[in-house]
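Q: Below: one structure in structure tokens.
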Amino acid sequence: MALHAHGTPRERLTLAAAKIRCGEAAGIVAAGAHQIHGAIGFTMEYDLQLFTRRAKAYELTGGGVAGHLEQVARCLGLEP
């Protein structure tokens with residue numbers, strides 16, 4: 001969560017919302033790609049697994065979706 005250490009509350013809110021949306025989209029796209037390719041992308045012989053692993057790693061960079069949801073709640077004053 002080091003990405004949230006600096007900036008205005010509005011900037012932190014914008015960053016957290018973008019990370020949430022991109023993280024969700026990466027999961028949806030990866031799942032769809034594996035369905036289209038008949039889940040062969042999980043095998044080492046097929047390059048799709050390289051892209052989905054990288055997308056998952058990027059999704060977790062700077063904190064996962066849950067951490068960013070907490071940041072949004074803090075920025076909006078919804079956290080108890």
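Chain labels run A, B, ... following the order of the structure tokens; each chain numbers its residues from 1, and ligands are numbered from 1 in the order shown.
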Would you mind listing what lies within 12 Å of A:Gly32 as a PyMOL selection string, with only C-alpha atoms counted and same-chain residues fewer than 5 positions away left out?
A: chain A and resi 25-27+37-39+41+48+52
Q: Nearest to A:Arg74 among A:Ile40, A:Ala30, A:Leu13, A:Gly7, with distances taken over only C-alpha atoms: which residue is it?
A: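 Among A:Ile40, A:Ala30, A:Leu13, A:Gly7, it is A:Leu13 that comes nearest to A:Arg74.
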